file run_6.pdb (PDB, C-alpha atoms, pLDDT in the B column)
ATOM      1  CA  MET A   1      13.698 -41.960 -98.966  1.00 83.00           C
ATOM      2  CA  ASN A   2      12.730 -40.852-102.459  1.00 90.00           C
ATOM      3  CA  GLY A   3      11.723 -37.301-103.366  1.00 94.00           C
ATOM      4  CA  GLN A   4       8.261 -37.823-104.842  1.00 96.00           C
ATOM      5  CA  TYR A   5       6.264 -36.273-101.994  1.00 97.00           C
ATOM      6  CA  ARG A   6       6.401 -32.524-101.381  1.00 97.00           C
ATOM      7  CA  LYS A   7       5.651 -32.955 -97.656  1.00 96.00           C
ATOM      8  CA  ASP A   8       9.025 -34.722 -97.173  1.00 96.00           C
ATOM      9  CA  ILE A   9      11.109 -31.881 -98.644  1.00 97.00           C
ATOM     10  CA  TYR A  10      11.851 -28.493 -97.091  1.00 97.00           C
ATOM     11  CA  PRO A  11      14.514 -25.742 -97.285  1.00 97.00           C
ATOM     12  CA  GLY A  12      17.765 -26.701 -95.552  1.00 97.00           C
ATOM     13  CA  LEU A  13      17.399 -30.425 -96.318  1.00 98.00           C
ATOM     14  CA  GLU A  14      20.327 -32.259 -97.952  1.00 98.00           C
ATOM     15  CA  VAL A  15      19.227 -34.074-101.108  1.00 98.00           C
ATOM     16  CA  ASP A  16      20.498 -35.751-104.271  1.00 98.00           C
ATOM     17  CA  ILE A  17      18.986 -34.342-107.459  1.00 97.00           C
ATOM     18  CA  ILE A  18      19.245 -35.075-111.159  1.00 97.00           C
ATOM     19  CA  LEU A  19      19.795 -31.999-113.301  1.00 97.00           C
ATOM     20  CA  LYS A  20      17.972 -31.720-116.654  1.00 96.00           C
ATOM     21  CA  LYS A  21      21.266 -32.172-118.553  1.00 96.00           C
ATOM     22  CA  ASP A  22      22.040 -35.355-116.565  1.00 97.00           C
ATOM     23  CA  GLN A  23      18.691 -37.127-117.046  1.00 95.00           C
ATOM     24  CA  ARG A  24      20.100 -39.501-119.684  1.00 96.00           C
ATOM     25  CA  THR A  25      23.112 -40.539-117.602  1.00 97.00           C
ATOM     26  CA  GLY A  26      21.426 -40.460-114.178  1.00 94.00           C
ATOM     27  CA  LYS A  27      24.347 -38.493-112.674  1.00 97.00           C
ATOM     28  CA  ARG A  28      23.364 -37.166-109.265  1.00 97.00           C
ATOM     29  CA  THR A  29      24.204 -33.804-107.734  1.00 98.00           C
ATOM     30  CA  ARG A  30      24.161 -33.341-103.945  1.00 98.00           C
ATOM     31  CA  GLY A  31      23.157 -30.103-102.292  1.00 98.00           C
ATOM     32  CA  ILE A  32      21.003 -28.220 -99.815  1.00 98.00           C
ATOM     33  CA  VAL A  33      17.432 -27.253-100.787  1.00 98.00           C
ATOM     34  CA  GLN A  34      16.865 -23.509-101.090  1.00 98.00           C
ATOM     35  CA  SER A  35      13.302 -23.601-102.450  1.00 98.00           C
ATOM     36  CA  LEU A  36      10.675 -25.966-103.833  1.00 98.00           C
ATOM     37  CA  LEU A  37       9.542 -25.347-107.414  1.00 98.00           C
ATOM     38  CA  THR A  38       6.874 -28.068-107.773  1.00 96.00           C
ATOM     39  CA  SER A  39       3.518 -26.986-106.347  1.00 96.00           C
ATOM     40  CA  SER A  40       1.712 -30.343-106.464  1.00 97.00           C
ATOM     41  CA  ALA A  41       1.823 -32.710-103.464  1.00 97.00           C
ATOM     42  CA  PHE A  42       3.218 -35.628-105.534  1.00 97.00           C
ATOM     43  CA  HIS A  43       5.311 -35.942-108.675  1.00 96.00           C
ATOM     44  CA  SER A  44       6.255 -39.316-110.174  1.00 95.00           C
ATOM     45  CA  ARG A  45       9.724 -38.174-111.342  1.00 95.00           C
ATOM     46  CA  GLY A  46      10.527 -36.249-108.162  1.00 96.00           C
ATOM     47  CA  ILE A  47       9.811 -32.810-106.735  1.00 98.00           C
ATOM     48  CA  LYS A  48      11.702 -30.057-108.560  1.00 98.00           C
ATOM     49  CA  VAL A  49      13.879 -27.914-106.271  1.00 98.00           C
ATOM     50  CA  ARG A  50      16.472 -25.147-106.441  1.00 98.00           C
ATOM     51  CA  LEU A  51      19.649 -25.808-104.461  1.00 98.00           C
ATOM     52  CA  GLU A  52      21.518 -23.122-102.491  1.00 98.00           C
ATOM     53  CA  ASP A  53      24.117 -22.925-105.290  1.00 98.00           C
ATOM     54  CA  GLY A  54      21.362 -22.116-107.832  1.00 98.00           C
ATOM     55  CA  GLN A  55      21.148 -25.489-109.610  1.00 98.00           C
ATOM     56  CA  VAL A  56      17.665 -26.804-110.420  1.00 98.00           C
ATOM     57  CA  GLY A  57      16.669 -30.441-110.645  1.00 98.00           C
ATOM     58  CA  ARG A  58      14.359 -33.198-109.447  1.00 97.00           C
ATOM     59  CA  VAL A  59      14.914 -34.871-106.072  1.00 97.00           C
ATOM     60  CA  VAL A  60      15.965 -38.507-106.428  1.00 97.00           C
ATOM     61  CA  GLU A  61      16.881 -39.211-102.828  1.00 97.00           C
ATOM     62  CA  ILE A  62      16.769 -37.486 -99.465  1.00 97.00           C
ATOM     63  CA  VAL A  63      20.125 -37.830 -97.692  1.00 96.00           C
ATOM     64  CA  SER A  64      19.623 -38.933 -94.077  1.00 79.00           C
TER      65      SER A  64
END
call {"tool": "encode", "arguments": {"input": "run_6.pdb", "output": "structure tokens"}}
result
Amino acid sequence: MNGQYRKDIYPGLEVDIILKKDQRTGKRTRGIVQSLLTSSAFHSRGIKVRLEDGQVGRVVEIVS
């Protein structure tokens, strides 16, 4: 599942994100969502989240 819809993402969920510095390469970072930073219901490039380790990026995929 992709991370474009805010309703699909919640704290405690395991996700793959792309950090700002990795946008060119597409390198993914896996972690647990701490908080959601995007307020809109949909974002074409992915909902921005903060992981429990403090990293911030856009959700590319929700790990099932």
call {"tool": "residues_around", "arguments": {"input": "run_6.pdb", "residues": "stretch 8-15 of chain A", "least_positions_apart": "5", "cutoff": "8 Å", "atoms": "all atoms listed in the file", "output": "list in words"}}
result
Gly3, Arg30, Gly31, Ile32, Val33, Gln34, Ser35, Leu36, Val59, Val60, Glu61, Ile62, Val63 and Ser64 of chain A
call {"tool": "residues_around", "arguments": {"input": "run_6.pdb", "residues": "A:Gly26", "least_positions_apart": "2", "cutoff": "12 Å", "atoms": "all atoms listed in the file", "output": "tab-separated table (two decimals) with C-alpha atoms, in the frame of the given file"}}
result
chain	number	residue	atom	x	y	z
A	16	ASP	CA	20.50	-35.75	-104.27
A	17	ILE	CA	18.99	-34.34	-107.46
A	18	ILE	CA	19.24	-35.08	-111.16
A	19	LEU	CA	19.80	-32.00	-113.30
A	20	LYS	CA	17.97	-31.72	-116.65
A	21	LYS	CA	21.27	-32.17	-118.55
A	22	ASP	CA	22.04	-35.35	-116.56
A	23	GLN	CA	18.69	-37.13	-117.05
A	24	ARG	CA	20.10	-39.50	-119.68
A	28	ARG	CA	23.36	-37.17	-109.26
A	29	THR	CA	24.20	-33.80	-107.73
A	57	GLY	CA	16.67	-30.44	-110.64
A	58	ARG	CA	14.36	-33.20	-109.45
A	59	VAL	CA	14.91	-34.87	-106.07
A	60	VAL	CA	15.96	-38.51	-106.43
call {"tool": "resolve_selection", "arguments": {"input": "run_6.pdb", "expression": "the PyMOL selection byres ((chain A and resi 6) around 7)", "output": "JSON, numbers by chain"}}
result
{"A": [4, 5, 7, 8, 9, 41, 42, 47]}
call {"tool": "atom_distance", "arguments": {"input": "run_6.pdb", "atom1": "atom CA of A:Gln55", "atom2": "atom CA of A:Asn2"}}
result
18.9 Å
call {"tool": "decode", "arguments": {"input": "run_6.pdb", "residues": "stretch 6-18 of chain A", "atoms": "all heavy atoms", "output": "JSON list (two decimals), in the first residue's frame"}}
result
[["chain", "number", "residue", "atom", "x", "y", "z"],
["A", 6, "ARG", "N", -3.77, 10.01, 4.20],
["A", 6, "ARG", "CA", -3.52, 10.20, 5.63],
["A", 6, "ARG", "C", -4.28, 9.18, 6.48],
["A", 6, "ARG", "O", -3.80, 8.73, 7.51],
["A", 6, "ARG", "CB", -3.93, 11.63, 6.01],
["A", 6, "ARG", "CG", -3.42, 12.08, 7.36],
["A", 6, "ARG", "CD", -3.75, 13.56, 7.58],
["A", 6, "ARG", "NE", -2.95, 14.12, 8.64],
["A", 6, "ARG", "CZ", -3.26, 14.03, 9.93],
["A", 6, "ARG", "NH1", -4.36, 13.41, 10.28],
["A", 6, "ARG", "NH2", -2.47, 14.56, 10.83],
["A", 7, "LYS", "N", -5.47, 8.79, 6.02],
["A", 7, "LYS", "CA", -6.31, 7.85, 6.79],
["A", 7, "LYS", "C", -5.66, 6.48, 6.97],
["A", 7, "LYS", "O", -6.02, 5.75, 7.88],
["A", 7, "LYS", "CB", -7.69, 7.71, 6.13],
["A", 7, "LYS", "CG", -7.66, 7.07, 4.75],
["A", 7, "LYS", "CD", -9.05, 6.91, 4.17],
["A", 7, "LYS", "CE", -9.05, 6.43, 2.75],
["A", 7, "LYS", "NZ", -8.35, 5.20, 2.49],
["A", 8, "ASP", "N", -4.70, 6.14, 6.09],
["A", 8, "ASP", "CA", -4.04, 4.82, 6.15],
["A", 8, "ASP", "C", -2.85, 4.79, 7.10],
["A", 8, "ASP", "O", -2.29, 3.73, 7.35],
["A", 8, "ASP", "CB", -3.55, 4.42, 4.76],
["A", 8, "ASP", "CG", -4.70, 4.24, 3.77],
["A", 8, "ASP", "OD1", -5.83, 3.93, 4.22],
["A", 8, "ASP", "OD2", -4.47, 4.42, 2.56],
["A", 9, "ILE", "N", -2.44, 5.97, 7.60],
["A", 9, "ILE", "CA", -1.20, 6.06, 8.38],
["A", 9, "ILE", "C", -1.51, 6.53, 9.80],
["A", 9, "ILE", "O", -2.31, 7.45, 9.98],
["A", 9, "ILE", "CB", -0.22, 7.04, 7.69],
["A", 9, "ILE", "CG1", 0.07, 6.53, 6.27],
["A", 9, "ILE", "CG2", 1.07, 7.18, 8.48],
["A", 9, "ILE", "CD1", 0.73, 7.55, 5.39],
["A", 10, "TYR", "N", -0.88, 5.89, 10.77],
["A", 10, "TYR", "CA", -1.12, 6.23, 12.17],
["A", 10, "TYR", "C", 0.13, 5.89, 12.99],
["A", 10, "TYR", "O", 0.96, 5.10, 12.55],
["A", 10, "TYR", "CB", -2.34, 5.47, 12.72],
["A", 10, "TYR", "CG", -2.29, 3.98, 12.45],
["A", 10, "TYR", "CD1", -1.65, 3.12, 13.34],
["A", 10, "TYR", "CD2", -2.84, 3.44, 11.29],
["A", 10, "TYR", "CE1", -1.58, 1.75, 13.09],
["A", 10, "TYR", "CE2", -2.78, 2.08, 11.04],
["A", 10, "TYR", "CZ", -2.15, 1.23, 11.95],
["A", 10, "TYR", "OH", -2.06, -0.10, 11.69],
["A", 11, "PRO", "N", 0.29, 6.52, 14.17],
["A", 11, "PRO", "CA", 1.46, 6.24, 15.02],
["A", 11, "PRO", "C", 1.55, 4.75, 15.36],
["A", 11, "PRO", "O", 0.54, 4.10, 15.62],
["A", 11, "PRO", "CB", 1.19, 7.08, 16.27],
["A", 11, "PRO", "CG", 0.33, 8.20, 15.77],
["A", 11, "PRO", "CD", -0.54, 7.59, 14.72],
["A", 12, "GLY", "N", 2.76, 4.22, 15.32],
["A", 12, "GLY", "CA", 3.00, 2.81, 15.62],
["A", 12, "GLY", "C", 3.07, 1.93, 14.39],
["A", 12, "GLY", "O", 3.44, 0.76, 14.48],
["A", 13, "LEU", "N", 2.73, 2.49, 13.23],
["A", 13, "LEU", "CA", 2.74, 1.74, 11.97],
["A", 13, "LEU", "C", 4.16, 1.67, 11.40],
["A", 13, "LEU", "O", 4.89, 2.64, 11.46],
["A", 13, "LEU", "CB", 1.82, 2.45, 10.97],
["A", 13, "LEU", "CG", 1.52, 1.76, 9.65],
["A", 13, "LEU", "CD1", 0.71, 0.48, 9.89],
["A", 13, "LEU", "CD2", 0.76, 2.69, 8.74],
["A", 14, "GLU", "N", 4.54, 0.51, 10.86],
["A", 14, "GLU", "CA", 5.86, 0.37, 10.23],
["A", 14, "GLU", "C", 5.75, 0.78, 8.77],
["A", 14, "GLU", "O", 4.89, 0.29, 8.04],
["A", 14, "GLU", "CB", 6.36, -1.07, 10.34],
["A", 14, "GLU", "CG", 7.79, -1.22, 9.86],
["A", 14, "GLU", "CD", 8.36, -2.62, 10.05],
["A", 14, "GLU", "OE1", 7.59, -3.55, 10.34],
["A", 14, "GLU", "OE2", 9.57, -2.77, 9.90],
["A", 15, "VAL", "N", 6.63, 1.70, 8.36],
["A", 15, "VAL", "CA", 6.57, 2.25, 7.00],
["A", 15, "VAL", "C", 7.97, 2.39, 6.41],
["A", 15, "VAL", "O", 8.97, 2.40, 7.13],
["A", 15, "VAL", "CB", 5.89, 3.65, 6.99],
["A", 15, "VAL", "CG1", 4.44, 3.56, 7.40],
["A", 15, "VAL", "CG2", 6.63, 4.64, 7.87],
["A", 16, "ASP", "N", 8.02, 2.51, 5.08],
["A", 16, "ASP", "CA", 9.24, 2.91, 4.38],
["A", 16, "ASP", "C", 9.05, 4.36, 3.97],
["A", 16, "ASP", "O", 8.01, 4.71, 3.39],
["A", 16, "ASP", "CB", 9.46, 2.06, 3.12],
["A", 16, "ASP", "CG", 10.00, 0.67, 3.42],
["A", 16, "ASP", "OD1", 10.48, 0.46, 4.55],
["A", 16, "ASP", "OD2", 9.93, -0.19, 2.54],
["A", 17, "ILE", "N", 10.06, 5.19, 4.24],
["A", 17, "ILE", "CA", 9.99, 6.60, 3.86],
["A", 17, "ILE", "C", 11.20, 6.94, 2.99],
["A", 17, "ILE", "O", 12.18, 6.20, 2.96],
["A", 17, "ILE", "CB", 9.94, 7.55, 5.08],
["A", 17, "ILE", "CG1", 11.25, 7.49, 5.87],
["A", 17, "ILE", "CG2", 8.74, 7.25, 5.95],
["A", 17, "ILE", "CD1", 11.39, 8.59, 6.90],
["A", 18, "ILE", "N", 11.08, 8.06, 2.30],
["A", 18, "ILE", "CA", 12.24, 8.63, 1.60],
["A", 18, "ILE", "C", 12.56, 9.95, 2.28],
["A", 18, "ILE", "O", 11.70, 10.84, 2.38],
["A", 18, "ILE", "CB", 11.96, 8.85, 0.10],
["A", 18, "ILE", "CG1", 11.79, 7.50, -0.59],
["A", 18, "ILE", "CG2", 13.10, 9.63, -0.54],
["A", 18, "ILE", "CD1", 11.69, 7.54, -2.09]]
